[in-house]
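Have a look at work_12.csv below; it lists CSV, C-alpha atoms and all ligand atoms.
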```csv
chain,number,residue,atom,x,y,z
A,1,MET,CA,-24.5,-40.3,29.2
A,2,MET,CA,-23.9,-43.5,27.3
A,3,TYR,CA,-20.3,-44.8,27.8
A,4,ASP,CA,-18.5,-47.0,25.3
A,5,TYR,CA,-17.2,-49.3,28.1
A,6,LEU,CA,-18.3,-50.1,31.6
A,7,ILE,CA,-15.2,-51.5,33.3
A,8,VAL,CA,-15.9,-53.6,36.4
A,9,GLY,CA,-12.8,-53.5,38.6
A,10,ALA,CA,-10.1,-50.8,38.9
A,11,GLY,CA,-7.2,-53.2,39.1
A,12,LEU,CA,-4.3,-53.4,36.6
A,13,PHE,CA,-6.3,-55.2,33.9
A,14,GLY,CA,-9.2,-52.7,34.0
A,15,ALA,CA,-6.8,-49.7,34.1
A,16,VAL,CA,-4.7,-50.8,31.1
A,17,PHE,CA,-7.9,-51.4,29.1
A,18,ALA,CA,-9.3,-48.0,30.1
A,19,HIS,CA,-6.0,-46.3,29.1
A,20,GLU,CA,-6.0,-47.9,25.7
A,21,ALA,CA,-9.7,-47.2,25.2
A,22,LYS,CA,-9.1,-43.5,26.0
A,23,LYS,CA,-6.3,-43.4,23.4
A,24,HIS,CA,-8.8,-44.6,20.8
A,25,GLY,CA,-11.3,-41.8,21.8
A,26,LYS,CA,-13.6,-44.1,23.7
A,27,SER,CA,-15.3,-43.2,27.0
A,28,CYS,CA,-15.2,-45.5,30.1
A,29,LEU,CA,-17.0,-45.8,33.4
A,30,VAL,CA,-15.0,-47.7,35.9
A,31,VAL,CA,-16.8,-49.3,38.9
A,32,GLU,CA,-14.9,-50.7,41.9
A,33,LYS,CA,-16.3,-52.3,44.9
A,34,ARG,CA,-13.4,-51.4,47.2
A,35,ASN,CA,-12.8,-47.9,48.5
A,36,HIS,CA,-9.7,-47.4,46.4
A,37,ILE,CA,-8.3,-48.0,42.9
A,38,ALA,CA,-5.5,-50.3,41.8
A,39,GLY,CA,-6.9,-53.7,43.0
A,40,ASN,CA,-4.3,-55.9,44.5
A,41,ILE,CA,-1.3,-53.7,43.5
A,42,TYR,CA,-2.7,-50.9,45.7
A,43,CYS,CA,0.0,-49.3,47.9
A,44,LYS,CA,-0.8,-46.8,50.6
A,45,ASN,CA,1.6,-44.1,51.6
A,46,VAL,CA,2.3,-44.2,55.3
A,47,ASP,CA,4.6,-41.2,56.1
A,48,GLY,CA,6.7,-41.9,53.0
A,49,ILE,CA,6.7,-45.7,53.1
A,50,HIS,CA,4.7,-47.4,50.4
A,51,VAL,CA,2.9,-50.3,52.1
A,52,HIS,CA,1.9,-53.1,49.7
A,53,GLN,CA,-1.5,-53.8,51.3
A,54,TYR,CA,-2.3,-57.0,49.4
A,55,GLY,CA,1.1,-58.6,49.5
A,56,ALA,CA,4.6,-57.6,48.2
A,57,HIS,CA,4.6,-56.7,44.5
A,58,ILE,CA,7.9,-56.7,42.6
A,59,PHE,CA,7.6,-55.8,38.9
A,60,HIS,CA,9.7,-58.0,36.7
A,61,THR,CA,9.6,-58.9,33.0
A,62,SER,CA,11.8,-60.0,30.2
A,63,ASP,CA,9.5,-58.4,27.6
A,64,ARG,CA,11.0,-55.0,26.5
A,65,LYS,CA,7.6,-53.9,25.2
A,66,ILE,CA,5.9,-54.4,28.6
A,67,TRP,CA,8.8,-52.8,30.4
A,68,ASP,CA,8.6,-49.7,28.2
A,69,TYR,CA,4.8,-49.6,28.6
A,70,ILE,CA,4.9,-49.5,32.4
A,71,ASN,CA,7.8,-47.1,32.5
A,72,GLN,CA,5.5,-44.5,30.7
A,73,PHE,CA,3.6,-44.2,34.0
A,74,SER,CA,6.5,-44.1,36.5
A,75,GLU,CA,10.2,-44.3,36.9
A,76,PHE,CA,11.3,-47.6,38.4
A,77,ASN,CA,14.2,-48.0,41.0
A,78,ASN,CA,16.9,-50.7,40.8
A,79,TYR,CA,15.5,-52.9,43.5
A,80,ILE,CA,16.5,-56.6,43.0
A,81,ASN,CA,14.5,-59.2,44.9
A,82,SER,CA,16.9,-61.3,47.0
A,83,PRO,CA,14.8,-62.9,49.7
A,84,VAL,CA,16.3,-64.8,52.6
A,85,ALA,CA,14.9,-67.8,54.5
A,86,ILE,CA,15.0,-68.5,58.2
A,87,TYR,CA,14.8,-72.1,59.3
A,88,LYS,CA,14.9,-72.3,63.1
A,89,ASP,CA,18.0,-70.4,64.0
A,90,GLU,CA,19.7,-70.8,60.5
A,91,LEU,CA,19.5,-68.2,57.7
A,92,TYR,CA,19.9,-69.0,54.0
A,93,ASN,CA,19.9,-67.1,50.8
A,94,LEU,CA,17.2,-67.7,48.2
A,95,PRO,CA,16.6,-68.8,45.5
A,96,PHE,CA,18.5,-72.0,46.1
A,97,ASN,CA,22.0,-71.1,44.9
A,98,MET,CA,25.7,-71.5,45.8
A,99,ASN,CA,25.3,-69.1,48.8
A,100,THR,CA,22.6,-71.4,50.1
A,101,PHE,CA,24.6,-74.6,49.5
A,102,SER,CA,27.8,-73.2,50.9
A,103,LYS,CA,26.1,-72.2,54.1
A,104,MET,CA,24.3,-75.5,54.4
A,105,TRP,CA,27.2,-77.8,53.8
A,106,ASN,CA,30.3,-75.6,54.2
A,107,ILE,CA,31.3,-76.3,50.6
A,108,GLN,CA,32.6,-73.8,48.0
A,109,THR,CA,32.4,-75.1,44.5
A,110,PRO,CA,29.5,-76.0,42.2
A,111,ALA,CA,30.9,-79.5,41.7
A,112,GLN,CA,30.8,-80.1,45.5
A,113,ALA,CA,27.2,-78.8,45.7
A,114,LYS,CA,26.1,-81.0,42.8
A,115,ALA,CA,27.8,-84.1,44.3
A,116,LYS,CA,26.1,-83.5,47.6
A,117,ILE,CA,22.7,-83.1,46.1
A,118,ALA,CA,23.1,-86.1,43.8
A,119,GLU,CA,24.3,-88.3,46.8
A,120,GLN,CA,21.2,-87.3,48.8
A,121,ILE,CA,18.9,-88.0,45.9
A,122,ALA,CA,20.5,-91.4,45.2
A,123,ASP,CA,20.3,-92.4,48.9
A,124,LEU,CA,16.5,-92.0,48.8
A,125,GLY,CA,15.9,-94.3,45.8
A,126,ILE,CA,12.7,-92.7,44.8
A,127,THR,CA,11.7,-93.8,41.3
A,128,GLU,CA,8.1,-92.7,40.9
A,129,PRO,CA,7.2,-89.8,43.3
A,130,LYS,CA,3.8,-90.5,44.8
A,131,ASN,CA,3.3,-87.1,46.4
A,132,LEU,CA,4.8,-83.6,46.7
A,133,GLU,CA,7.2,-84.7,49.4
A,134,GLU,CA,8.7,-87.5,47.2
A,135,GLN,CA,8.7,-85.2,44.2
A,136,ALA,CA,10.7,-82.5,46.0
A,137,LEU,CA,13.0,-84.9,47.6
A,138,SER,CA,13.8,-86.5,44.3
A,139,LEU,CA,14.6,-83.1,42.8
A,140,VAL,CA,16.7,-81.5,45.6
A,141,GLY,CA,17.6,-84.1,48.2
A,142,THR,CA,16.9,-84.2,51.9
A,143,ASP,CA,18.5,-81.1,53.4
A,144,VAL,CA,17.1,-78.4,51.0
A,145,TYR,CA,13.7,-80.1,51.2
A,146,GLU,CA,13.6,-80.5,55.0
A,147,LYS,CA,15.0,-77.0,55.8
A,148,LEU,CA,13.6,-74.8,53.0
A,149,ILE,CA,10.6,-76.4,51.3
A,150,LYS,CA,8.7,-78.7,53.6
A,151,GLY,CA,7.4,-76.4,56.4
A,152,TYR,CA,6.8,-73.4,54.0
A,153,THR,CA,4.8,-75.5,51.5
A,154,GLU,CA,2.8,-77.1,54.3
A,155,LYS,CA,1.9,-73.7,55.7
A,156,GLN,CA,1.0,-72.4,52.2
A,157,TRP,CA,-1.4,-75.3,51.5
A,158,GLY,CA,-2.5,-76.0,55.0
A,159,ARG,CA,-1.7,-79.7,54.5
A,160,SER,CA,1.2,-82.2,54.9
A,161,CYS,CA,3.4,-82.5,51.8
A,162,ARG,CA,2.6,-86.2,51.8
A,163,GLU,CA,-1.0,-85.4,51.2
A,164,LEU,CA,-0.3,-82.9,48.4
A,165,PRO,CA,-0.1,-84.1,44.8
A,166,SER,CA,3.3,-84.1,43.1
A,167,PHE,CA,2.3,-81.9,40.2
A,168,ILE,CA,2.3,-78.8,42.4
A,169,ILE,CA,6.1,-78.9,42.1
A,170,ARG,CA,7.2,-79.8,38.6
A,171,ARG,CA,10.6,-78.2,38.8
A,172,LEU,CA,12.7,-76.8,41.5
A,173,PRO,CA,15.3,-74.5,40.0
A,174,LEU,CA,18.8,-74.9,41.6
A,175,ARG,CA,21.3,-72.3,40.7
A,176,PHE,CA,25.0,-73.2,40.8
A,177,THR,CA,26.3,-69.6,40.8
A,178,TYR,CA,26.6,-67.2,43.7
A,179,ASP,CA,23.5,-65.2,42.6
A,180,ASN,CA,20.8,-64.2,45.0
A,181,ASN,CA,18.6,-62.4,42.4
A,182,TYR,CA,15.3,-64.3,42.8
A,183,PHE,CA,14.0,-63.6,39.3
A,184,ASN,CA,15.6,-64.5,36.0
A,185,SER,CA,13.8,-61.6,34.2
A,186,ARG,CA,15.7,-59.1,32.2
A,187,TYR,CA,14.0,-56.0,33.8
A,188,GLN,CA,13.0,-55.6,37.5
A,189,GLY,CA,12.2,-52.8,39.9
A,190,ILE,CA,9.7,-51.0,42.1
A,191,PRO,CA,7.9,-47.8,40.9
A,192,VAL,CA,9.3,-44.9,42.8
A,193,GLU,CA,5.9,-43.2,43.1
A,194,GLY,CA,4.2,-46.5,44.1
A,195,TYR,CA,1.8,-48.7,42.1
A,196,THR,CA,-1.3,-46.7,43.0
A,197,ALA,CA,0.1,-43.6,41.2
A,198,ILE,CA,0.6,-45.7,38.1
A,199,VAL,CA,-3.1,-46.9,38.1
A,200,GLU,CA,-4.2,-43.3,38.8
A,201,LYS,CA,-2.5,-42.1,35.6
A,202,MET,CA,-3.8,-45.0,33.6
A,203,LEU,CA,-7.3,-44.2,34.7
A,204,SER,CA,-7.1,-40.5,34.1
A,205,GLY,CA,-10.0,-39.4,31.8
A,206,ALA,CA,-12.2,-42.2,32.9
A,207,ASP,CA,-15.2,-41.7,35.3
A,208,ILE,CA,-14.7,-43.8,38.4
A,209,ARG,CA,-17.2,-44.9,41.0
A,210,LEU,CA,-15.7,-46.5,44.1
A,211,ASN,CA,-17.6,-48.5,46.8
A,212,THR,CA,-19.8,-49.8,44.0
A,213,ASP,CA,-20.4,-53.5,43.7
A,214,TYR,CA,-21.4,-54.3,40.1
A,215,PHE,CA,-23.8,-57.0,41.2
A,216,ALA,CA,-25.7,-54.7,43.4
A,217,HIS,CA,-26.6,-52.5,40.4
A,218,LYS,CA,-26.0,-54.9,37.5
A,219,GLU,CA,-28.9,-53.9,35.2
A,220,GLU,CA,-28.6,-50.2,35.8
A,221,LEU,CA,-24.8,-50.1,35.3
A,222,SER,CA,-24.8,-52.4,32.2
A,223,ALA,CA,-27.4,-50.1,30.6
A,224,LEU,CA,-25.0,-47.2,30.9
A,225,ALA,CA,-22.5,-48.6,28.4
A,226,HIS,CA,-22.4,-50.3,25.0
A,227,LYS,CA,-20.0,-53.0,26.3
A,228,THR,CA,-18.8,-54.3,29.7
A,229,VAL,CA,-15.2,-55.3,30.6
A,230,PHE,CA,-15.6,-57.6,33.6
A,231,THR,CA,-12.6,-58.3,35.9
A,232,GLY,CA,-14.5,-59.6,38.9
A,233,MET,CA,-15.0,-63.3,39.7
A,234,LEU,CA,-16.0,-65.4,36.7
A,235,ASP,CA,-18.2,-67.7,38.7
A,236,GLU,CA,-20.0,-64.9,40.4
A,237,TYR,CA,-20.9,-63.3,37.1
A,238,PHE,CA,-22.9,-66.5,36.3
A,239,GLY,CA,-24.5,-66.6,39.7
A,240,PHE,CA,-22.2,-69.6,40.8
A,241,CYS,CA,-24.5,-71.7,38.6
A,242,TYR,CA,-22.0,-74.6,38.5
A,243,GLY,CA,-20.7,-74.1,42.0
A,244,SER,CA,-17.8,-72.0,43.5
A,245,LEU,CA,-14.3,-71.9,42.1
A,246,GLU,CA,-11.8,-72.2,44.9
A,247,TYR,CA,-8.8,-70.1,45.9
A,248,ARG,CA,-6.0,-70.0,48.5
A,249,SER,CA,-6.1,-66.8,50.5
A,250,VAL,CA,-3.6,-64.8,52.6
A,251,ARG,CA,-4.1,-62.8,55.7
A,252,PHE,CA,-1.8,-59.8,56.3
A,253,GLU,CA,-1.0,-58.6,59.8
A,254,GLU,CA,0.5,-55.1,59.6
A,255,GLU,CA,2.6,-53.5,62.3
A,256,ARG,CA,4.4,-50.2,62.7
A,257,LEU,CA,7.7,-50.5,64.7
A,258,GLU,CA,9.6,-47.7,66.1
A,259,CYS,CA,13.0,-48.9,64.8
A,260,ASP,CA,14.6,-47.9,61.5
A,261,ASN,CA,15.5,-51.4,60.3
A,262,TYR,CA,13.7,-54.5,61.6
A,263,GLN,CA,15.0,-57.4,59.4
A,264,GLY,CA,17.5,-55.9,57.0
A,265,ASN,CA,15.7,-57.2,53.9
A,266,ALA,CA,12.4,-56.6,52.2
A,267,VAL,CA,11.4,-60.3,52.1
A,268,VAL,CA,12.2,-62.9,54.8
A,269,ASN,CA,10.6,-66.4,54.4
A,270,TYR,CA,10.0,-68.5,57.5
A,271,THR,CA,10.4,-72.1,56.4
A,272,ASP,CA,9.8,-74.1,59.6
A,273,ARG,CA,6.3,-75.3,60.4
A,274,GLU,CA,6.3,-74.0,63.9
A,275,VAL,CA,6.4,-70.3,63.0
A,276,PRO,CA,2.7,-69.7,61.9
A,277,TYR,CA,3.4,-67.1,59.2
A,278,THR,CA,5.1,-67.8,55.9
A,279,ARG,CA,6.8,-64.4,55.3
A,280,ILE,CA,7.6,-61.0,56.9
A,281,ILE,CA,7.7,-58.1,54.4
A,282,GLU,CA,9.5,-54.9,55.5
A,283,HIS,CA,8.1,-52.4,53.0
A,284,LYS,CA,10.7,-49.6,53.3
A,285,HIS,CA,13.4,-51.8,51.8
A,286,PHE,CA,11.6,-51.9,48.4
A,287,THR,CA,12.5,-48.2,48.0
A,288,PHE,CA,15.6,-48.1,50.2
A,289,GLY,CA,13.7,-46.0,52.8
A,290,THR,CA,15.6,-44.1,55.5
A,291,GLN,CA,12.7,-43.3,57.8
A,292,PRO,CA,13.3,-43.6,61.6
A,293,PHE,CA,10.4,-46.1,61.8
A,294,THR,CA,9.4,-49.1,59.8
A,295,ILE,CA,6.3,-51.1,58.7
A,296,ILE,CA,6.2,-54.9,58.5
A,297,SER,CA,3.5,-57.3,57.3
A,298,ARG,CA,3.3,-60.9,58.5
A,299,GLU,CA,1.7,-63.1,55.9
A,300,TYR,CA,-0.5,-66.1,57.0
A,301,SER,CA,-1.6,-68.4,54.3
A,302,SER,CA,-5.3,-69.3,54.8
A,303,GLU,CA,-8.2,-71.3,53.5
A,304,TRP,CA,-10.5,-69.4,51.3
A,305,LYS,CA,-14.2,-69.3,51.7
A,306,PRO,CA,-16.8,-67.2,50.0
A,307,GLY,CA,-16.8,-63.7,51.3
A,308,ILE,CA,-13.0,-63.5,52.0
A,309,GLU,CA,-10.5,-62.1,49.6
A,310,PRO,CA,-9.6,-64.6,46.9
A,311,TYR,CA,-5.8,-64.7,46.0
A,312,TYR,CA,-4.5,-67.7,44.2
A,313,PRO,CA,-6.6,-69.8,41.9
A,314,ILE,CA,-6.2,-73.6,42.5
A,315,ASN,CA,-5.1,-75.3,39.4
A,316,ASP,CA,-6.2,-78.9,40.3
A,317,ALA,CA,-8.3,-81.0,38.0
A,318,LYS,CA,-11.6,-80.2,39.8
A,319,ASN,CA,-11.2,-76.4,39.6
A,320,SER,CA,-9.7,-76.4,36.1
A,321,ALA,CA,-12.7,-78.4,34.8
A,322,LEU,CA,-15.1,-76.0,36.6
A,323,ALA,CA,-13.3,-73.0,35.2
A,324,ALA,CA,-13.5,-74.4,31.7
A,325,LYS,CA,-17.3,-74.7,32.0
A,326,TYR,CA,-17.6,-71.1,33.1
A,327,GLN,CA,-15.3,-70.1,30.3
A,328,GLU,CA,-17.6,-71.7,27.8
A,329,LEU,CA,-20.4,-69.5,29.2
A,330,ALA,CA,-18.1,-66.4,29.1
A,331,ALA,CA,-17.3,-67.1,25.4
A,332,LYS,CA,-21.0,-67.0,24.6
A,333,ALA,CA,-21.9,-63.9,26.7
A,334,GLU,CA,-22.9,-60.9,24.5
A,335,ARG,CA,-21.3,-57.5,24.9
A,336,VAL,CA,-19.1,-58.7,27.8
A,337,ILE,CA,-15.3,-59.2,27.8
A,338,PHE,CA,-13.8,-61.2,30.7
A,339,GLY,CA,-10.3,-60.3,31.8
A,340,GLY,CA,-7.8,-60.3,34.6
A,341,ARG,CA,-6.9,-62.8,37.3
A,342,LEU,CA,-10.5,-63.2,38.6
A,343,GLY,CA,-12.3,-62.9,35.3
A,344,ASN,CA,-10.0,-65.5,33.7
A,345,TYR,CA,-9.5,-67.6,36.9
A,346,LYS,CA,-5.8,-67.6,36.2
A,347,TYR,CA,-2.7,-66.5,38.2
A,348,TYR,CA,-1.1,-63.6,36.3
A,349,ASP,CA,2.0,-61.7,37.3
A,350,MET,CA,1.7,-58.0,36.6
A,351,ASP,CA,3.6,-58.1,33.4
A,352,GLN,CA,1.3,-60.9,32.2
A,353,VAL,CA,-1.8,-59.1,33.1
A,354,ILE,CA,-0.6,-56.0,31.2
A,355,ALA,CA,0.2,-58.2,28.2
A,356,ALA,CA,-3.3,-59.8,28.4
A,357,ALA,CA,-5.0,-56.4,28.7
A,358,LEU,CA,-3.1,-55.0,25.7
A,359,ASP,CA,-4.0,-58.0,23.6
A,360,CYS,CA,-7.6,-57.7,24.6
A,361,ALA,CA,-7.6,-53.9,23.9
A,362,ASP,CA,-5.9,-54.5,20.5
A,363,ALA,CA,-8.5,-57.1,19.5
A,364,GLU,CA,-11.3,-54.9,20.7
A,365,LEU,CA,-10.3,-51.4,19.6
A,366,SER,CA,-8.3,-51.8,16.4
A,401,LIG,P1,-7.2,-57.3,40.7
A,401,LIG,O1,-6.1,-56.4,41.1
A,401,LIG,O2,-7.8,-58.2,41.7
A,401,LIG,O3,-8.4,-56.3,40.2
A,401,LIG,C1,-9.7,-56.7,40.2
A,401,LIG,C2,-10.6,-55.6,40.8
A,401,LIG,O4,-11.9,-55.9,40.6
A,401,LIG,C3,-10.4,-55.5,42.3
A,401,LIG,O5,-10.0,-54.2,42.7
A,401,LIG,C4,-11.8,-55.9,42.9
A,401,LIG,O6,-12.1,-55.3,44.1
A,401,LIG,C5,-12.7,-55.5,41.7
A,401,LIG,N1,-13.9,-56.2,41.7
A,401,LIG,C6,-14.1,-57.5,41.8
A,401,LIG,N2,-15.5,-57.8,41.8
A,401,LIG,C7,-16.1,-56.6,41.7
A,401,LIG,C8,-17.5,-56.3,41.6
A,401,LIG,N3,-18.4,-57.2,41.7
A,401,LIG,N4,-17.8,-55.0,41.5
A,401,LIG,C9,-16.8,-54.0,41.4
A,401,LIG,N5,-15.5,-54.3,41.5
A,401,LIG,C10,-15.2,-55.6,41.6
A,401,LIG,N6,2.7,-60.0,40.4
A,401,LIG,C11,4.0,-59.6,40.0
A,401,LIG,O7,4.2,-59.3,38.9
A,401,LIG,N7,4.9,-59.5,41.0
A,401,LIG,C12,4.7,-59.8,42.3
A,401,LIG,O8,5.6,-59.7,43.1
A,401,LIG,C13,3.4,-60.2,42.7
A,401,LIG,N8,3.1,-60.5,44.0
A,401,LIG,C14,1.8,-61.0,44.3
A,401,LIG,C15,1.6,-61.3,45.6
A,401,LIG,C16,0.3,-61.8,46.0
A,401,LIG,C17,0.0,-62.1,47.4
A,401,LIG,C18,-0.7,-61.9,45.0
A,401,LIG,C19,-2.0,-62.5,45.3
A,401,LIG,C20,-0.4,-61.6,43.6
A,401,LIG,C21,0.8,-61.1,43.3
A,401,LIG,N9,1.1,-60.7,42.0
A,401,LIG,C22,2.4,-60.3,41.6
A,401,LIG,C23,0.0,-60.7,40.9
A,401,LIG,C24,-0.7,-59.3,40.8
A,401,LIG,O9,-1.3,-59.0,42.0
A,401,LIG,C25,-1.7,-59.4,39.6
A,401,LIG,O10,-1.1,-59.7,38.4
A,401,LIG,C26,-2.6,-58.2,39.4
A,401,LIG,O11,-3.0,-57.5,40.6
A,401,LIG,C27,-3.9,-58.6,38.7
A,401,LIG,O12,-4.7,-57.5,38.4
A,401,LIG,P2,-6.2,-57.7,38.0
A,401,LIG,O13,-6.7,-56.4,37.5
A,401,LIG,O14,-6.4,-58.9,37.1
A,401,LIG,O15,-6.9,-58.1,39.4
```

Starting from the file, give its structure as C-alpha cells.
Ligand code: FAD
Amino acid sequence: MMYDYLIVGAGLFGAVFAHEAKKHGKSCLVVEKRNHIAGNIYCKNVDGIHVHQYGAHIFHTSDRKIWDYINQFSEFNNYINSPVAIYKDELYNLPFNMNTFSKMWNIQTPAQAKAKIAEQIADLGITEPKNLEEQALSLVGTDVYEKLIKGYTEKQWGRSCRELPSFIIRRLPLRFTYDNNYFNSRYQGIPVEGYTAIVEKMLSGADIRLNTDYFAHKEELSALAHKTVFTGMLDEYFGFCYGSLEYRSVRFEEERLECDNYQGNAVVNYTDREVPYTRIIEHKHFTFGTQPFTIISREYSSEWKPGIEPYYPINDAKNSALAAKYQELAAKAERVIFGGRLGNYKYYDMDQVIAAALDCADAELS
C-alpha cells in the first residue's frame, strides 16, 4: 500500500500531524525507533502511578485554542506546579517570590524585599556583566544568586557560572506577591489518563511500526509514502555533513520507595553544588496519588555525546550557525517536512510543539 505520509517519530509533533492528516482523509505510516509511542512525553503506568520517564512534564499554555485542542484527548486535573528548592538545610519556595524572600530575610512586605535586593545589587557595583555570574548578581543580588541560582546552574551546564556567557540568563523574574505558581500561563494541568493515552488517541487510525529506525531502512520506507514528515535529528537526516549539533542531556535514576510520601511535593530542586543531582521528581504528586508506595526520579544533568539521548538544544552562536546551515538544506529537500524539537533543533514546550504541528498540518493539508 502507498501511504500519503510517512511520519518519522511517534512523539507529540508526529502524533498531532497524523491526527490532522487522518481528519483530511489521508493515510499515515508512523515509524518509531523506540519500543513505545509518545516520544519524550511518554508516561508508564506503574501500579497506578504515571511515571514521566523522560523528565517531568507539566502542560501549560495561555492559548485557549491549544488548551481546547489537547482537552479533546484527555481530561486534565488541577495540578499547579509549585516547586521548592533545597539549599543545604534551608528550604525555599519557587519561583522567586514573597514566600522565598520572607524566608530568606525574615521580611514581610514587597517594599522590604525590593529594598533588600536593590541594596545587594548596588553594593556589587556591576555595570557591564562579563559572565553569567555577574549577570545574575546584577539582576537579583547576592543571596538569591548564591543560594538558588549558582549551584543549580553550574550543575545544569557542567561549568562554573564565571565561565558561562551572560546571555544564558537574560531575565530573572522576581515576583513580589505570595504566589508559588511556577507558570504564568492561563491554563495548566496534568492529563488524568497520562500523556501516553493522549498520543495513542491521536495516532488511532495510523499504522505504527515501533523499534524501527528510519535510517536503517530509509529507501524502503520513503518509497512507501508520497511524502515524509521527519521529526528525528536534523543533522542526522543529512548524514552530519556539516558536523554534529550539540545538546545537553539528562540522566534519570528511578527508584521505588515503600513509603507513601517521600518529599511532599512533585518537584524539589537541589540548588547547592555538592548534591550531584539537580532535581527529585515524585511522580504521584502530579495526580494527587494515594498509593502506599511512591516512585521518585533523580535528575542528573549531563554532557551529550552522539549515541545518548539528546534533550536541550544549545543556542550558542556555534550551534545556531550550524543549525541554520542544516535548515537551508531542509528547505530545499523535496517531499520532506521537518518538524518537532529534533527536526527543527529548537526547544519547544508541549503547547508550542502542538501549535507548530497544527500550523504545519494546516499549510500542508488545506
Ligand atoms: P520527541 O518527543 O522527541 O519525539 C521525536 C520522536 O522521534 C522520538 O520518539 C524519537 O525516538 C523518534 N525518532 C528520532 N529519530 C528517529 C529515527 N531515526 N527513526 C525513528 N524514530 C526516530 N514541555 C512542557 O510543555 N512542559 C514541561 O514540563 C516540559 N518538561 C520537559 C522536561 C524535559 C527534561 C525535556 C527535555 C522537555 C520538556 N518539555 C516540556 C518539552 C517536551 O518534551 C517537548 O515539547 C515534546 O516532547 C516535543 O515533541 P517532539 O515530537 O518534537 O519530540

Exercise. For Glu163 in chain A, list every protein, DNA or RNA residue within 12 Å, evaluated using only C-alpha atoms, and leave out those in the same chain fewer than 6 positions away; present the list as JSON, numbers by chain.
Key: {"A": [130, 131, 132, 133, 134, 135, 153, 154, 157]}

Quiz item: What would the list of residues within 12 Å of (18.7, -86.8, 43.3) (file frame) look like as a PyMOL selection string, if only C-alpha atoms are what count?
Solution: chain A and resi 113-127+129+134-145+172

For range 324-332 of chain A, list every protein, DNA or RNA residue within 8 Å, evaluated using all atoms listed in the file, and leave out those in the same chain fewer than 4 positions away; present the list as a PDB file with C-alpha atoms, in the frame of the given file.
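Contents of out_9.pdb, freshly written:
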```
ATOM      1  CA  LEU A 234     -16.000 -65.400  36.700  1.00  0.00           C
ATOM      2  CA  ASP A 235     -18.200 -67.700  38.700  1.00  0.00           C
ATOM      3  CA  PHE A 238     -22.900 -66.500  36.300  1.00  0.00           C
ATOM      4  CA  TYR A 242     -22.000 -74.600  38.500  1.00  0.00           C
ATOM      5  CA  SER A 320      -9.700 -76.400  36.100  1.00  0.00           C
ATOM      6  CA  VAL A 336     -19.100 -58.700  27.800  1.00  0.00           C
ATOM      7  CA  ILE A 337     -15.300 -59.200  27.800  1.00  0.00           C
ATOM      8  CA  PHE A 338     -13.800 -61.200  30.700  1.00  0.00           C
ATOM      9  CA  ASN A 344     -10.000 -65.500  33.700  1.00  0.00           C
TER      10      ASN A 344
END
```

Quiz prompt | d(CA of Val267 in chain A, CA of Ile280 in chain A) in Å | solution =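 Separation between CA of Val267 in chain A and CA of Ile280 in chain A: 6.2 Å.
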
Exercise. Within 6 Å of ligand LIG 401 (chain A), which residues show up when you count only C-alpha atoms and all ligand atoms? List them as a VMD selection string, please.
Key: chain A and resid 8 to 14 31 to 34 39 to 41 54 to 59 212 to 215 231 to 233 311 to 312 340 to 341 348 to 351 353

Practice problem: Would you mind telling me which residue in A:Thr271, A:Asn106, A:Ser27, A:Asn81 lies nearest to Gly151 in chain A when using all atoms listed in the file? | Solution: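 Ranked by minimum distance to Gly151 in chain A, first place goes to A:Thr271.
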
Quiz item: Which polymer residues have any atom within 7 Å of an atom of Asn93 in chain A, counting only C-alpha atoms, with same-chain residues fewer than 3 positions away left out, as a list in words?
Solution: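 Contacts, in chain order: Pro83, Val84, Ala85, Phe96, Asn99, Thr100 and Asn180 of chain A.
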
Please supply range 5-16 of chain A, rebuilt with N, CA and C atoms, as a PDB file, keeping the file's coordinate frame.
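File produced: part-v5.pdb:
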```
ATOM      1  N   TYR A   5     -17.558 -48.079  27.250  1.00  0.00           N
ATOM      2  CA  TYR A   5     -17.200 -49.300  28.100  1.00  0.00           C
ATOM      3  C   TYR A   5     -17.572 -49.038  29.539  1.00  0.00           C
ATOM      4  N   LEU A   6     -18.173 -50.047  30.138  1.00  0.00           N
ATOM      5  CA  LEU A   6     -18.300 -50.100  31.600  1.00  0.00           C
ATOM      6  C   LEU A   6     -17.180 -51.094  32.013  1.00  0.00           C
ATOM      7  N   ILE A   7     -16.266 -50.636  32.845  1.00  0.00           N
ATOM      8  CA  ILE A   7     -15.200 -51.500  33.300  1.00  0.00           C
ATOM      9  C   ILE A   7     -15.432 -51.881  34.749  1.00  0.00           C
ATOM     10  N   VAL A   8     -15.591 -53.152  35.006  1.00  0.00           N
ATOM     11  CA  VAL A   8     -15.900 -53.600  36.400  1.00  0.00           C
ATOM     12  C   VAL A   8     -14.520 -54.015  36.991  1.00  0.00           C
ATOM     13  N   GLY A   9     -14.040 -53.210  37.949  1.00  0.00           N
ATOM     14  CA  GLY A   9     -12.800 -53.500  38.600  1.00  0.00           C
ATOM     15  C   GLY A   9     -11.703 -52.493  38.198  1.00  0.00           C
ATOM     16  N   ALA A  10     -11.154 -51.763  39.187  1.00  0.00           N
ATOM     17  CA  ALA A  10     -10.100 -50.800  38.900  1.00  0.00           C
ATOM     18  C   ALA A  10      -8.732 -51.305  39.185  1.00  0.00           C
ATOM     19  N   GLY A  11      -8.531 -52.610  38.926  1.00  0.00           N
ATOM     20  CA  GLY A  11      -7.200 -53.200  39.100  1.00  0.00           C
ATOM     21  C   GLY A  11      -6.379 -52.957  37.807  1.00  0.00           C
ATOM     22  N   LEU A  12      -5.243 -53.642  37.694  1.00  0.00           N
ATOM     23  CA  LEU A  12      -4.300 -53.400  36.600  1.00  0.00           C
ATOM     24  C   LEU A  12      -4.930 -53.703  35.234  1.00  0.00           C
ATOM     25  N   PHE A  13      -5.678 -54.794  35.141  1.00  0.00           N
ATOM     26  CA  PHE A  13      -6.300 -55.200  33.900  1.00  0.00           C
ATOM     27  C   PHE A  13      -7.254 -54.061  33.412  1.00  0.00           C
ATOM     28  N   GLY A  14      -8.160 -53.702  34.294  1.00  0.00           N
ATOM     29  CA  GLY A  14      -9.200 -52.700  34.000  1.00  0.00           C
ATOM     30  C   GLY A  14      -8.513 -51.348  33.624  1.00  0.00           C
ATOM     31  N   ALA A  15      -7.444 -50.998  34.349  1.00  0.00           N
ATOM     32  CA  ALA A  15      -6.800 -49.700  34.100  1.00  0.00           C
ATOM     33  C   ALA A  15      -6.076 -49.653  32.795  1.00  0.00           C
ATOM     34  N   VAL A  16      -5.385 -50.748  32.431  1.00  0.00           N
ATOM     35  CA  VAL A  16      -4.700 -50.800  31.100  1.00  0.00           C
ATOM     36  C   VAL A  16      -5.730 -50.695  30.011  1.00  0.00           C
TER      37      VAL A  16
END
```
